[in-house]
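Pasted below: upload_12.txt, compact mmCIF, C-alpha atoms.
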# COMPACT_ATOMS: atom_id res chain seq x y z
CA MET U 1 -125.96 -104.12 137.73
CA ALA U 2 -127.86 -102.52 134.85
CA GLN U 3 -131.45 -103.46 134.33
CA SER U 4 -132.09 -105.61 131.25
CA ASN U 5 -133.31 -102.77 129.08
CA THR U 6 -134.14 -103.69 125.51
CA VAL U 7 -135.59 -101.90 122.53
CA GLU U 8 -137.44 -103.23 119.51
CA LEU U 9 -135.83 -102.15 116.26
CA VAL U 10 -138.45 -100.47 114.11
CA GLU U 11 -136.26 -99.22 111.29
CA LEU U 12 -132.61 -98.77 110.40
CA CYS U 13 -132.35 -96.27 107.59
CA ARG U 14 -130.08 -93.69 106.01
CA VAL U 15 -131.21 -90.08 105.74
CA ALA U 16 -129.62 -88.10 102.94
CA PRO U 17 -129.74 -84.37 102.21
CA PRO U 18 -132.13 -83.23 99.43
CA SER U 19 -131.09 -84.29 95.93
CA ASP U 20 -130.35 -80.71 94.89
CA SER U 21 -127.71 -80.28 97.62
CA ALA U 22 -124.05 -79.83 96.77
CA ALA U 23 -122.53 -82.89 95.12
CA GLU U 24 -119.52 -83.13 97.40
CA ALA U 25 -117.64 -81.58 100.29
CA CYS U 26 -114.11 -82.29 101.44
CA ILE U 27 -112.92 -80.82 104.72
CA PRO U 28 -109.30 -81.34 105.79
CA LEU U 29 -108.86 -82.04 109.49
CA THR U 30 -106.92 -79.25 111.21
CA PHE U 31 -104.59 -79.75 114.15
CA PHE U 32 -107.53 -78.83 116.41
CA ASP U 33 -109.40 -81.84 114.97
CA ILE U 34 -106.42 -84.21 114.90
CA PHE U 35 -106.01 -83.65 118.65
CA TRP U 36 -109.22 -85.67 119.14
CA LEU U 37 -108.49 -88.27 116.45
CA LYS U 38 -108.59 -91.38 118.64
CA PHE U 39 -110.78 -90.25 121.50
CA PRO U 40 -114.01 -92.23 122.00
CA PRO U 41 -117.14 -90.65 120.50
CA THR U 42 -119.40 -88.32 122.45
CA GLN U 43 -122.93 -89.47 123.22
CA ARG U 44 -125.94 -87.48 124.35
CA ILE U 45 -129.66 -88.20 124.76
CA PHE U 46 -132.53 -85.69 124.65
CA PHE U 47 -135.65 -86.86 126.51
CA TYR U 48 -139.03 -85.46 125.42
CA GLN U 49 -142.05 -86.18 127.61
CA SER U 50 -145.02 -85.97 125.27
CA SER U 51 -147.74 -88.38 126.40
CA HIS U 52 -150.20 -85.48 126.74
CA LEU U 53 -149.39 -84.15 123.25
CA ILE U 54 -148.61 -87.16 121.07
CA SER U 55 -150.41 -90.50 120.83
CA ASP U 56 -148.38 -93.54 119.84
CA THR U 57 -150.18 -93.67 116.48
CA ASN U 58 -149.64 -89.97 115.89
CA PHE U 59 -145.95 -90.43 116.60
CA SER U 60 -145.56 -93.02 113.85
CA ASP U 61 -147.81 -91.28 111.34
CA THR U 62 -146.86 -87.64 111.91
CA VAL U 63 -144.02 -86.98 114.33
CA LEU U 64 -141.48 -89.48 113.00
CA PRO U 65 -141.95 -88.50 109.32
CA LYS U 66 -141.60 -84.84 110.30
CA LEU U 67 -138.39 -85.52 112.22
CA LYS U 68 -136.93 -87.46 109.28
CA GLN U 69 -137.94 -84.90 106.67
CA SER U 70 -136.57 -81.96 108.68
CA LEU U 71 -133.36 -83.93 109.31
CA SER U 72 -132.87 -84.32 105.57
CA VAL U 73 -133.42 -80.61 105.01
CA THR U 74 -131.02 -79.72 107.83
CA LEU U 75 -128.31 -81.91 106.34
CA ARG U 76 -128.32 -79.67 103.27
CA HIS U 77 -126.53 -77.16 105.53
CA TYR U 78 -124.48 -79.78 107.41
CA LEU U 79 -123.28 -82.05 104.60
CA PRO U 80 -120.10 -83.17 106.44
CA LEU U 81 -122.23 -84.99 109.02
CA CYS U 82 -123.23 -87.40 106.25
CA GLY U 83 -119.60 -87.92 105.37
CA ASN U 84 -116.79 -90.18 106.48
CA LEU U 85 -113.26 -89.87 107.77
CA THR U 86 -110.95 -91.04 105.01
CA TRP U 87 -107.21 -90.94 104.51
CA PRO U 88 -106.51 -90.38 100.81
CA GLN U 89 -103.69 -92.61 99.57
CA ASP U 90 -102.01 -89.76 97.73
CA SER U 91 -102.36 -87.36 100.67
CA THR U 92 -99.42 -86.34 102.84
CA ASN U 93 -101.59 -83.95 104.79
CA GLY U 94 -103.54 -86.38 106.94
CA PRO U 95 -107.18 -87.44 106.96
CA VAL U 96 -110.17 -85.54 105.59
CA LEU U 97 -113.90 -85.50 106.28
CA GLN U 98 -115.29 -86.43 102.87
CA TYR U 99 -118.89 -86.19 101.65
CA THR U 100 -119.90 -87.37 98.21
CA GLN U 101 -123.37 -87.46 96.72
CA GLY U 102 -125.13 -90.58 97.96
CA ASP U 103 -123.67 -90.41 101.45
CA ALA U 104 -126.21 -90.26 104.26
CA ILE U 105 -126.45 -90.25 108.03
CA SER U 106 -127.46 -93.45 109.80
CA LEU U 107 -130.77 -93.20 111.68
CA THR U 108 -132.06 -95.92 113.98
CA VAL U 109 -135.75 -95.92 114.95
CA ALA U 110 -136.70 -98.06 117.93
CA GLU U 111 -139.40 -98.62 120.55
CA ALA U 112 -138.58 -99.07 124.24
CA ASP U 113 -140.41 -101.04 126.90
CA PHE U 114 -138.75 -99.63 130.02
CA ASP U 115 -139.19 -96.68 132.39
CA PHE U 116 -138.88 -93.31 130.65
CA HIS U 117 -139.25 -91.35 133.90
CA HIS U 118 -136.53 -93.31 135.67
CA LEU U 119 -134.02 -92.68 132.91
CA SER U 120 -134.92 -88.99 132.56
CA GLY U 121 -134.62 -88.33 136.28
CA ASP U 122 -131.73 -87.06 138.38
CA ASP U 123 -131.16 -90.08 140.63
CA PHE U 124 -128.14 -92.28 140.11
CA ARG U 125 -128.57 -94.78 137.29
CA ASP U 126 -126.36 -97.44 135.75
CA PRO U 127 -124.96 -96.10 132.43
CA GLY U 128 -125.78 -99.44 130.84
CA GLU U 129 -129.46 -98.55 131.03
CA PHE U 130 -128.92 -95.82 128.43
CA ARG U 131 -127.05 -97.97 125.93
CA PRO U 132 -130.13 -99.18 123.97
CA LEU U 133 -131.07 -95.54 123.26
CA LEU U 134 -127.81 -94.74 121.46
CA PRO U 135 -126.79 -95.62 117.91
CA ASP U 136 -123.67 -97.39 116.77
CA LEU U 137 -121.40 -95.59 114.34
CA PRO U 138 -121.07 -97.37 110.99
CA ALA U 139 -117.47 -98.04 110.03
CA GLN U 140 -115.65 -99.78 107.22
CA GLU U 141 -111.95 -100.52 106.94
CA ASN U 142 -111.03 -97.14 105.46
CA ARG U 143 -114.15 -95.09 106.19
CA ILE U 144 -115.53 -94.00 109.56
CA SER U 145 -118.85 -92.20 109.85
CA ALA U 146 -118.83 -88.87 111.64
CA MET U 147 -122.21 -89.17 113.35
CA ALA U 148 -125.23 -91.43 113.84
CA LEU U 149 -128.69 -90.73 115.29
CA GLN U 150 -131.41 -92.70 117.04
CA ILE U 151 -135.05 -91.87 117.75
CA THR U 152 -136.74 -94.08 120.36
CA LEU U 153 -140.44 -94.08 121.22
CA PHE U 154 -141.56 -94.79 124.78
CA PRO U 155 -145.25 -95.65 124.35
CA SER U 156 -147.58 -93.44 126.42
CA ALA U 157 -144.58 -91.53 127.81
CA GLY U 158 -142.45 -89.73 125.24
CA PHE U 159 -139.49 -90.18 122.95
CA THR U 160 -135.75 -89.66 122.88
CA VAL U 161 -133.28 -88.38 120.32
CA GLY U 162 -129.79 -89.73 120.84
CA TYR U 163 -126.57 -89.24 118.95
CA THR U 164 -123.11 -90.70 118.79
CA ALA U 165 -120.50 -88.44 117.17
CA TYR U 166 -116.75 -88.34 116.90
CA HIS U 167 -115.03 -85.32 118.42
CA TRP U 168 -112.60 -85.10 115.50
CA ALA U 169 -115.55 -84.13 113.28
CA LEU U 170 -117.12 -81.46 115.45
CA ASN U 171 -117.00 -80.10 118.97
CA GLY U 172 -119.81 -79.42 121.39
CA LYS U 173 -120.67 -76.04 119.94
CA SER U 174 -120.94 -77.41 116.40
CA ILE U 175 -123.14 -80.29 117.58
CA ALA U 176 -125.34 -77.81 119.44
CA MET U 177 -125.66 -75.68 116.28
CA PHE U 178 -126.77 -78.76 114.34
CA MET U 179 -129.35 -79.82 116.93
CA HIS U 180 -130.77 -76.29 117.20
CA SER U 181 -130.93 -76.08 113.38
CA TRP U 182 -132.72 -79.43 113.07
CA ALA U 183 -135.22 -78.44 115.76
CA SER U 184 -135.83 -75.04 114.18
CA ILE U 185 -136.55 -76.50 110.74
CA CYS U 186 -138.77 -79.19 112.26
CA ARG U 187 -140.81 -76.56 114.15
CA SER U 188 -141.24 -74.28 111.14
CA GLY U 189 -141.90 -77.08 108.69
CA GLU U 190 -139.79 -75.45 105.97
CA ASP U 191 -136.27 -74.50 105.02
CA SER U 192 -136.33 -70.74 104.83
CA GLY U 193 -132.63 -70.58 105.61
CA LEU U 194 -130.84 -70.79 108.92
CA LEU U 195 -130.38 -67.93 111.32
CA PRO U 196 -126.89 -66.41 111.10
CA GLU U 197 -125.94 -67.86 114.49
CA LEU U 198 -126.78 -71.37 113.22
CA THR U 199 -125.20 -71.17 109.76
CA PRO U 200 -121.99 -73.22 109.76
CA VAL U 201 -118.77 -71.91 108.23
CA TYR U 202 -116.43 -74.56 106.82
CA ASP U 203 -113.49 -72.43 105.69
CA ARG U 204 -110.32 -74.13 106.99
CA THR U 205 -107.96 -71.43 105.74
CA CYS U 206 -108.75 -69.38 108.84
CA ILE U 207 -106.92 -71.96 111.00
CA LYS U 208 -103.20 -71.16 110.97
CA ASP U 209 -100.64 -73.71 112.12
CA PRO U 210 -97.28 -71.93 112.47
CA LEU U 211 -96.05 -74.53 114.99
CA ASP U 212 -96.89 -77.46 112.66
CA LEU U 213 -99.03 -78.95 115.41
CA LYS U 214 -100.85 -81.15 112.90
CA ALA U 215 -97.66 -83.10 112.22
CA THR U 216 -96.91 -83.27 115.95
CA TYR U 217 -100.33 -84.69 116.77
CA LEU U 218 -100.35 -87.15 113.85
CA LYS U 219 -96.97 -88.47 114.98
CA PHE U 220 -98.21 -88.80 118.56
CA TRP U 221 -101.15 -90.93 117.49
CA SER U 222 -99.10 -93.06 115.08
CA ASP U 223 -96.44 -93.73 117.73
CA LEU U 224 -98.87 -94.46 120.56
CA PRO U 225 -98.96 -98.15 121.57
CA LYS U 226 -102.35 -99.79 120.98
CA SER U 227 -102.53 -100.75 124.67
CA VAL U 228 -102.28 -97.09 125.67
CA GLU U 229 -104.54 -95.88 122.86
CA ALA U 230 -107.36 -98.09 124.12
CA LYS U 231 -107.28 -96.26 127.46
CA ILE U 232 -107.42 -92.70 126.07
CA GLY U 233 -110.51 -90.97 127.36
CA VAL U 234 -111.79 -94.13 129.02
CA SER U 235 -112.12 -94.47 132.80
CA ALA U 236 -112.58 -97.54 134.95
CA GLY U 237 -115.94 -99.29 135.22
CA ASP U 238 -118.22 -99.64 138.28
CA ALA U 239 -119.77 -96.24 137.62
CA MET U 240 -123.16 -94.69 138.28
CA MET U 241 -124.46 -91.47 136.72
CA GLY U 242 -126.40 -88.78 138.59
CA THR U 243 -127.40 -85.14 138.18
CA PHE U 244 -126.94 -82.27 140.63
CA ARG U 245 -128.10 -78.68 140.31
CA LEU U 246 -126.89 -75.25 141.24
CA SER U 247 -129.46 -72.47 141.05
CA LYS U 248 -128.65 -69.01 139.77
CA GLU U 249 -128.86 -67.83 143.39
CA ASN U 250 -126.35 -70.52 144.49
CA ILE U 251 -123.91 -69.42 141.82
CA GLU U 252 -124.25 -65.71 142.58
CA SER U 253 -123.69 -66.38 146.30
CA MET U 254 -120.48 -68.24 145.47
CA LYS U 255 -119.22 -65.45 143.23
CA LYS U 256 -119.82 -62.81 145.91
CA LYS U 257 -117.50 -64.65 148.28
CA TYR U 258 -114.57 -64.27 145.91
CA ASP U 259 -113.00 -61.63 143.69
CA HIS U 260 -115.38 -59.59 141.55
CA GLN U 261 -113.72 -60.98 138.42
CA VAL U 262 -114.69 -64.55 139.26
CA THR U 263 -117.02 -66.09 136.67
CA SER U 264 -119.85 -68.57 136.99
CA PHE U 265 -117.72 -71.16 135.18
CA MET U 266 -114.93 -70.78 137.72
CA VAL U 267 -117.07 -71.23 140.83
CA VAL U 268 -119.20 -74.07 139.42
CA THR U 269 -116.25 -76.14 138.22
CA ALA U 270 -114.19 -75.37 141.35
CA TYR U 271 -117.03 -76.40 143.67
CA THR U 272 -117.65 -79.64 141.75
CA TRP U 273 -113.94 -80.47 141.57
CA VAL U 274 -113.50 -80.02 145.32
CA CYS U 275 -116.58 -82.12 146.14
CA LEU U 276 -115.26 -84.91 143.90
CA VAL U 277 -111.80 -84.81 145.49
CA ARG U 278 -113.30 -85.00 148.97
CA ALA U 279 -115.77 -87.76 148.04
CA ARG U 280 -112.96 -89.81 146.55
CA GLY U 281 -110.99 -89.49 149.77
CA LEU U 282 -107.91 -87.96 148.16
CA SER U 283 -105.68 -86.35 150.74
CA GLU U 284 -102.15 -86.67 149.40
CA LYS U 285 -100.28 -85.72 146.23
CA ARG U 286 -101.61 -83.47 143.53
CA THR U 287 -104.93 -83.66 141.76
CA HIS U 288 -105.62 -82.39 138.26
CA PHE U 289 -108.53 -80.72 136.47
CA VAL U 290 -108.53 -80.64 132.66
CA PHE U 291 -110.94 -78.61 130.55
CA SER U 292 -111.12 -77.10 127.09
CA VAL U 293 -111.87 -73.51 126.11
CA ASP U 294 -113.38 -72.26 122.87
CA CYS U 295 -110.70 -70.35 120.96
CA ARG U 296 -112.79 -68.82 118.18
CA SER U 297 -112.65 -65.34 119.67
CA ARG U 298 -109.27 -65.82 121.38
CA MET U 299 -107.07 -66.49 118.35
CA GLU U 300 -104.63 -63.84 117.12
CA HIS U 301 -106.95 -63.50 114.14
CA PRO U 302 -110.45 -64.24 115.55
CA ILE U 303 -112.45 -66.95 113.82
CA CYS U 304 -116.12 -66.79 112.89
CA SER U 305 -118.31 -67.80 115.83
CA THR U 306 -120.13 -70.37 113.67
CA TYR U 307 -116.96 -72.07 112.40
CA PHE U 308 -117.79 -75.77 112.08
CA GLY U 309 -115.25 -78.04 113.73
CA ASN U 310 -112.88 -78.00 116.65
CA CYS U 311 -111.26 -74.82 117.88
CA LEU U 312 -110.39 -75.61 121.47
CA ALA U 313 -107.47 -74.89 123.77
CA VAL U 314 -106.76 -77.34 126.59
CA CYS U 315 -106.21 -76.05 130.11
CA PHE U 316 -104.46 -78.14 132.75
CA VAL U 317 -104.95 -77.18 136.40
CA ALA U 318 -103.14 -78.81 139.32
CA ALA U 319 -103.51 -78.43 143.08
CA ASP U 320 -102.48 -80.31 146.22
CA SER U 321 -105.26 -82.59 147.40
CA LYS U 322 -104.71 -81.59 151.03
CA VAL U 323 -105.31 -77.96 150.03
CA LEU U 324 -108.56 -78.74 148.21
CA ILE U 325 -109.99 -80.75 151.09
CA GLY U 326 -109.21 -77.93 153.51
CA GLU U 327 -111.51 -75.15 154.71
CA GLU U 328 -110.52 -72.85 151.84
CA GLY U 329 -110.45 -75.59 149.23
CA VAL U 330 -113.07 -74.09 146.92
CA GLY U 331 -111.38 -70.70 147.01
CA MET U 332 -108.02 -72.24 146.14
CA ALA U 333 -109.62 -74.18 143.29
CA VAL U 334 -111.25 -70.99 141.97
CA LYS U 335 -107.87 -69.27 142.07
CA ALA U 336 -106.10 -72.12 140.25
CA ILE U 337 -108.74 -72.27 137.51
CA GLY U 338 -108.62 -68.49 137.14
CA GLU U 339 -104.85 -68.58 136.74
CA ALA U 340 -105.13 -71.23 134.02
CA LEU U 341 -107.65 -69.11 132.14
CA GLY U 342 -105.44 -66.06 132.62
CA ARG U 343 -102.53 -67.83 130.95
CA LEU U 344 -104.55 -67.98 127.74
CA LYS U 345 -103.86 -64.26 127.36
CA GLU U 346 -100.22 -65.19 126.73
CA GLY U 347 -101.40 -67.12 123.66
CA VAL U 348 -104.06 -69.82 123.36
CA LEU U 349 -101.58 -72.19 121.71
CA ARG U 350 -98.85 -71.72 124.27
CA GLY U 351 -97.64 -75.22 125.15
CA ALA U 352 -99.98 -76.83 122.60
CA GLU U 353 -97.24 -79.12 121.28
CA ALA U 354 -97.35 -80.96 124.64
CA TRP U 355 -101.12 -81.13 125.17
CA LEU U 356 -101.46 -84.75 124.02
CA SER U 357 -98.28 -86.09 125.57
CA TYR U 358 -98.96 -84.40 128.92
CA GLY U 359 -102.58 -85.51 128.93
CA SER U 360 -101.51 -89.06 128.19
CA SER U 361 -99.04 -88.97 131.09
CA LEU U 362 -101.87 -87.99 133.43
CA SER U 363 -103.93 -91.03 132.42
CA VAL U 364 -101.85 -93.24 134.72
CA GLN U 365 -103.12 -91.11 137.65
CA ARG U 366 -106.74 -91.72 136.68
CA GLU U 367 -108.15 -91.45 140.19
CA ARG U 368 -106.57 -87.99 140.56
CA VAL U 369 -107.59 -86.52 137.20
CA PHE U 370 -110.94 -84.81 136.64
CA SER U 371 -112.20 -83.43 133.34
CA LEU U 372 -115.15 -81.53 131.95
CA ALA U 373 -117.68 -82.10 129.16
CA GLY U 374 -120.36 -79.77 127.79
CA SER U 375 -121.27 -76.16 128.53
CA PRO U 376 -124.38 -74.25 129.65
CA ARG U 377 -123.74 -71.92 126.69
CA PHE U 378 -124.99 -74.60 124.31
CA GLU U 379 -128.54 -74.03 125.69
CA LEU U 380 -129.54 -77.59 124.82
CA TYR U 381 -132.77 -77.33 126.78
CA ASN U 382 -133.95 -75.00 124.03
CA VAL U 383 -133.77 -77.78 121.42
CA ASP U 384 -137.53 -77.93 120.81
CA PHE U 385 -138.70 -79.85 117.73
CA GLY U 386 -142.23 -78.51 118.12
CA TRP U 387 -143.54 -80.67 120.93
CA GLY U 388 -141.92 -78.91 123.88
CA ARG U 389 -138.50 -78.53 125.46
CA PRO U 390 -136.56 -81.59 126.64
CA THR U 391 -137.37 -82.81 130.10
CA LYS U 392 -133.76 -84.01 130.41
CA VAL U 393 -130.54 -83.86 128.44
CA GLU U 394 -128.00 -86.50 129.42
CA VAL U 395 -124.33 -86.67 128.40
CA VAL U 396 -123.94 -90.43 128.50
CA SER U 397 -120.35 -90.54 127.25
CA ILE U 398 -119.06 -89.23 130.60
CA ALA U 399 -119.64 -92.75 131.90
CA LYS U 400 -116.62 -93.81 129.84
CA SER U 401 -114.48 -90.70 130.15
CA GLY U 402 -115.14 -90.14 133.86
CA ALA U 403 -115.66 -86.42 133.22
CA PHE U 404 -118.37 -84.35 134.84
CA SER U 405 -120.70 -82.44 132.55
CA LEU U 406 -122.26 -78.98 132.61
CA SER U 407 -125.45 -77.86 130.90
CA ASP U 408 -128.05 -75.16 131.20
CA SER U 409 -131.01 -75.71 133.51
CA ARG U 410 -134.17 -77.33 132.19
CA ASP U 411 -136.37 -74.62 133.74
CA GLY U 412 -134.46 -71.82 132.04
CA SER U 413 -133.85 -70.03 135.33
CA GLY U 414 -130.13 -69.45 134.81
CA GLY U 415 -128.98 -72.37 136.93
CA VAL U 416 -126.64 -75.18 135.94
CA GLU U 417 -127.04 -78.96 135.78
CA ILE U 418 -123.98 -81.02 136.68
CA GLY U 419 -123.72 -84.64 135.57
CA VAL U 420 -121.30 -86.78 137.57
CA VAL U 421 -119.99 -90.34 137.39
CA LEU U 422 -119.29 -91.97 140.74
CA LYS U 423 -118.54 -95.36 142.16
CA ASN U 424 -121.22 -96.75 144.46
CA SER U 425 -118.91 -96.20 147.40
CA GLU U 426 -118.64 -92.46 146.58
CA ILE U 427 -122.29 -91.57 145.98
CA GLU U 428 -123.39 -90.93 149.57
CA ALA U 429 -120.30 -88.87 150.40
CA PHE U 430 -120.54 -86.70 147.29
CA SER U 431 -124.28 -86.10 147.71
CA SER U 432 -123.78 -84.98 151.29
CA LEU U 433 -120.75 -82.81 150.52
CA PHE U 434 -122.49 -81.13 147.59
CA ALA U 435 -125.64 -80.29 149.55
CA ASP U 436 -123.97 -79.30 152.83
CA GLY U 437 -121.28 -77.19 151.20
CA LEU U 438 -123.83 -74.73 149.80
CA SER U 439 -124.65 -73.53 153.30
CA LYS U 440 -121.21 -71.88 153.46
CA PHE U 441 -122.04 -69.43 150.69
How would this structure read if it were set down as structure tokens?
Amino acid sequence: MAQSNTVELVELCRVAPPSDSAAEACIPLTFFDIFWLKFPPTQRIFFYQSSHLISDTNFSDTVLPKLKQSLSVTLRHYLPLCGNLTWPQDSTNGPVLQYTQGDAISLTVAEADFDFHHLSGDDFRDPGEFRPLLPDLPAQENRISAMALQITLFPSAGFTVGYTAYHWALNGKSIAMFMHSWASICRSGEDSGLLPELTPVYDRTCIKDPLDLKATYLKFWSDLPKSVEAKIGVSAGDAMMGTFRLSKENIESMKKKYDHQVTSFMVVTAYTWVCLVRARGLSEKRTHFVFSVDCRSRMEHPICSTYFGNCLAVCFVAADSKVLIGEEGVGMAVKAIGEALGRLKEGVLRGAEAWLSYGSSLSVQRERVFSLAGSPRFELYNVDFGWGRPTKVEVVSIAKSGAFSLSDSRDGSGGVEIGVVLKNSEIEAFSSLFADGLSKF
């Protein structure tokens, strides 16, 4: 059971972009966005240990105002994050992300009275312990906010920055760009313009839809029974969250055992997938691994690397459980993942009309389906607001989706952090399999 963690609400406010920002912004959702229309929001928490740098008084008088002011300035460049999902009555082209002057992003400020170091550690913790550190997303009948933020002070320990954001509004890369931009402006204390790699591009005309996937996805969601919709992206309860690590040396040793074209992504995800299959005791039938791939550079007409929004292809990988639990299981998983990535060369949208329907069909095999969240390429441990790098970055939403997460390493050594969600009965087996398996590389 989760500990009874509580926070004291200090302030619930709305942070708007500067008054001289653009008066409005209207961004149509593309088929890439509509794919995620009814998935649960993503949630992540950044932990900053700062007891040696920031007193509690200094936090309230200096740090918090600086975070809020820099957030406002950052929103000048990211206006859609203040906006809402709306479905214009006269529109036959689906929903839009609409910002009008006066819109703002919801910011919760709170103070916690529980153990900062426990929550920011790697040991298994009940996901319910993180809930007080995450904001709710404001919603009205015909308007749904894209994102909400929460800053929580842990007296004499540090503070956290948490967000809740809908995937239909932006993907992991876009969220990472926003967080890096906010941190950069907070550190510098001024808005001298964003670096090119952090400057979002909102042009939707670059997304072509020759297969009319937008209509296909909208119909899928409208036809989906509410009972099934409620289960999309949501796994069973009784879960605990923990973090495991692979060093750069671990990863390089794995790659050397296989073909020279094997990537770090392939060996890390294959190794984790196999350990999960074995820990779950799956030995019959097929098991599935689902992950998304950034398409910006893979489209027929490449899209700007800082395009704001979703641009993801979905890869489905399947393998026999008895093969994965065998002696060459990791190698077979590497091969299967490599083949799925190789098929993208035939066209990143090949089979896209069936992505949602096929994914939905897999949901009935929940125990046999594994998915992925996050990427080390986001470099989230470099999100430094001016008081040091995060001591931990936690993808809390995997507790609902059942996915495992990947991120860069907190020490910047080139390793990878892997967040997993396991039942209590699986924790000991997975921990042992993960540690012992490394000796074979």
Would you kindly return, as a list in words, each protein, DNA or RNA residue with an atom no farther than 10 Å from any atom of Ser50 of chain U, considering only C-alpha atoms and excluding same-chain residues fewer than 5 positions away?
-> Ser55, Asp56, Phe59, Phe154, Pro155, Ser156, Ala157, Gly158, Phe159, Trp387, Gly388, Arg389, Pro390 and Thr391 of chain U
Which is closest to Leu341 of chain U among U:Pro18, U:Gly437, U:Gly374, U:Asp294, if we use all atoms listed in the file?
->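 Comparing U:Pro18, U:Gly437, U:Gly374, U:Asp294 against Leu341 of chain U, the winner is U:Asp294.
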Interface rows for segment 137-177 of chain U against segment 312-326 of chain U: nearest pair, Å to one decimal, 12 Å, all atoms listed in the file, as a tab-separated table:
residue	atom	partner	partner_atom	distance
U:His167	CA	U:Leu312	CA	11.2
U:Trp168	CA	U:Leu312	CA	11.4
U:Leu170	CA	U:Leu312	CA	10.8
U:Asn171	CA	U:Leu312	CA	8.4
U:Gly172	CA	U:Leu312	CA	10.2
U:Lys173	CA	U:Leu312	CA	10.4
U:Ser174	CA	U:Leu312	CA	11.8
Which of these, U:Pro138, U:Gly331, U:Gly102, U:Gly402, has the shortest distance to Leu372 of chain U once you count only C-alpha atoms?
->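 Under the stated criterion, the closest residue is U:Gly402.
Here atom CA of Ser21 of chain U and atom CA of Phe178 of chain U stand 16.8 Å from one another.
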Could you work out how far atom CA of Tyr78 of chain U lies from atom CA of Pro132 of chain U, giving the answer in Å with one decimal?
->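 If I compute the distance from atom CA of Pro132 of chain U to atom CA of Tyr78 of chain U, I get 26.1 Å.
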All residues 10 Å or closer to Ser409 of chain U, all atoms listed in the file, same chain fewer than 3 positions away omitted, as a list of chain:residue names =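 Skipping anything fewer than 3 positions along the chain leaves U:Arg245, U:Leu246, U:Ser247, U:Lys248, U:Pro376, U:Glu379, U:Leu380, U:Tyr381, U:Asn382, U:Lys392, U:Val393, U:Leu406, U:Gly412, U:Ser413, U:Gly414, U:Gly415, U:Val416, U:Glu417, U:Ile418.
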For those residues, write C-alpha atoms to a file as a tab-separated table (two decimals), keeping the file's coordinate frame.
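The resulting file, selection_16.tsv, is shown below:
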chain	number	residue	atom	x	y	z
U	245	ARG	CA	-128.10	-78.68	140.31
U	246	LEU	CA	-126.89	-75.25	141.24
U	247	SER	CA	-129.46	-72.47	141.05
U	248	LYS	CA	-128.65	-69.01	139.77
U	376	PRO	CA	-124.38	-74.25	129.65
U	379	GLU	CA	-128.54	-74.03	125.69
U	380	LEU	CA	-129.54	-77.59	124.82
U	381	TYR	CA	-132.77	-77.33	126.78
U	382	ASN	CA	-133.95	-75.00	124.03
U	392	LYS	CA	-133.76	-84.01	130.41
U	393	VAL	CA	-130.54	-83.86	128.44
U	406	LEU	CA	-122.26	-78.98	132.61
U	412	GLY	CA	-134.46	-71.82	132.04
U	413	SER	CA	-133.85	-70.03	135.33
U	414	GLY	CA	-130.13	-69.45	134.81
U	415	GLY	CA	-128.98	-72.37	136.93
U	416	VAL	CA	-126.64	-75.18	135.94
U	417	GLU	CA	-127.04	-78.96	135.78
U	418	ILE	CA	-123.98	-81.02	136.68
Report the distance between atom CA of Lys208 of chain U and atom CA of Cys311 of chain U in Å, rounded to one decimal place.
->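 Between atom CA of Lys208 of chain U and atom CA of Cys311 of chain U the gap works out to 11.2 Å.
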Find the residues near segment 277-284 of chain U: any atom within 10 Å, counting only C-alpha atoms, skip ones fewer than 4 places away on the same chain, and give them as a list of chain:residue names.
-> U:Thr272, U:Trp273, U:His288, U:Asp320, U:Ser321, U:Lys322, U:Val323, U:Leu324, U:Ile325, U:Gly326, U:Gly329, U:Glu367, U:Arg368, U:Val369, U:Phe370, U:Leu422, U:Lys423, U:Ser425, U:Glu426, U:Ile427, U:Glu428, U:Ala429, U:Phe430, U:Ser431, U:Ser432, U:Leu433, U:Phe434
For Gly121 of chain U, the nearest of the candidates U:Gln261, U:Thr243, U:Asn5, U:Thr199, counting only C-alpha atoms =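 With only C-alpha atoms as the atom set, the closest residue is U:Thr243.
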With 8 Å as the cut-off and all atoms listed in the file counted, what is the closest atom pair between each nearby residue of segment 132-219 of chain U and segment 30-49 of chain U? Distances in Å to one decimal, ordered by chain and number, as a tab-separated table.
residue	atom	partner	partner_atom	distance
U:Leu133	CA	U:Ile45	CA	7.6
U:Leu134	CA	U:Gln43	CA	7.4
U:Ala157	CA	U:Gln49	CA	5.9
U:Gly158	CA	U:Gln49	CA	4.3
U:Phe159	CA	U:Tyr48	CA	5.3
U:Thr160	CA	U:Phe47	CA	4.6
U:Val161	CA	U:Phe46	CA	5.2
U:Gly162	CA	U:Ile45	CA	4.2
U:Tyr163	CA	U:Gln43	CA	5.6
U:Thr164	CA	U:Gln43	CA	4.6
U:Ala165	CA	U:Pro41	CA	5.2
U:Tyr166	CA	U:Pro41	CA	4.3
U:His167	CA	U:Trp36	CA	5.9
U:Trp168	CA	U:Asp33	CA	4.6
U:Ala169	CA	U:Asp33	CA	6.8
U:Leu170	CA	U:Asp33	CA	7.7
U:Arg204	CA	U:Thr30	CA	7.5
U:Ile207	CA	U:Thr30	CA	7.3
U:Asp209	CA	U:Phe31	CA	7.5
U:Leu213	CA	U:Phe31	CA	5.8
U:Lys214	CA	U:Phe31	CA	4.2
U:Ala215	CA	U:Phe31	CA	7.9
U:Tyr217	CA	U:Phe35	CA	6.1
U:Leu218	CA	U:Ile34	CA	6.8
Once you add 3 Å to each side, what are the centre and edge lengths of the axis-aligned box holding all listed atoms of segment 399-415 of chain U? One decimal in Å, as AutoDock Vina command-line options, if you can.
--center_x -125.4 --center_y -81.6 --center_z 133.4 --size_x 27.9 --size_y 30.4 --size_z 13.1
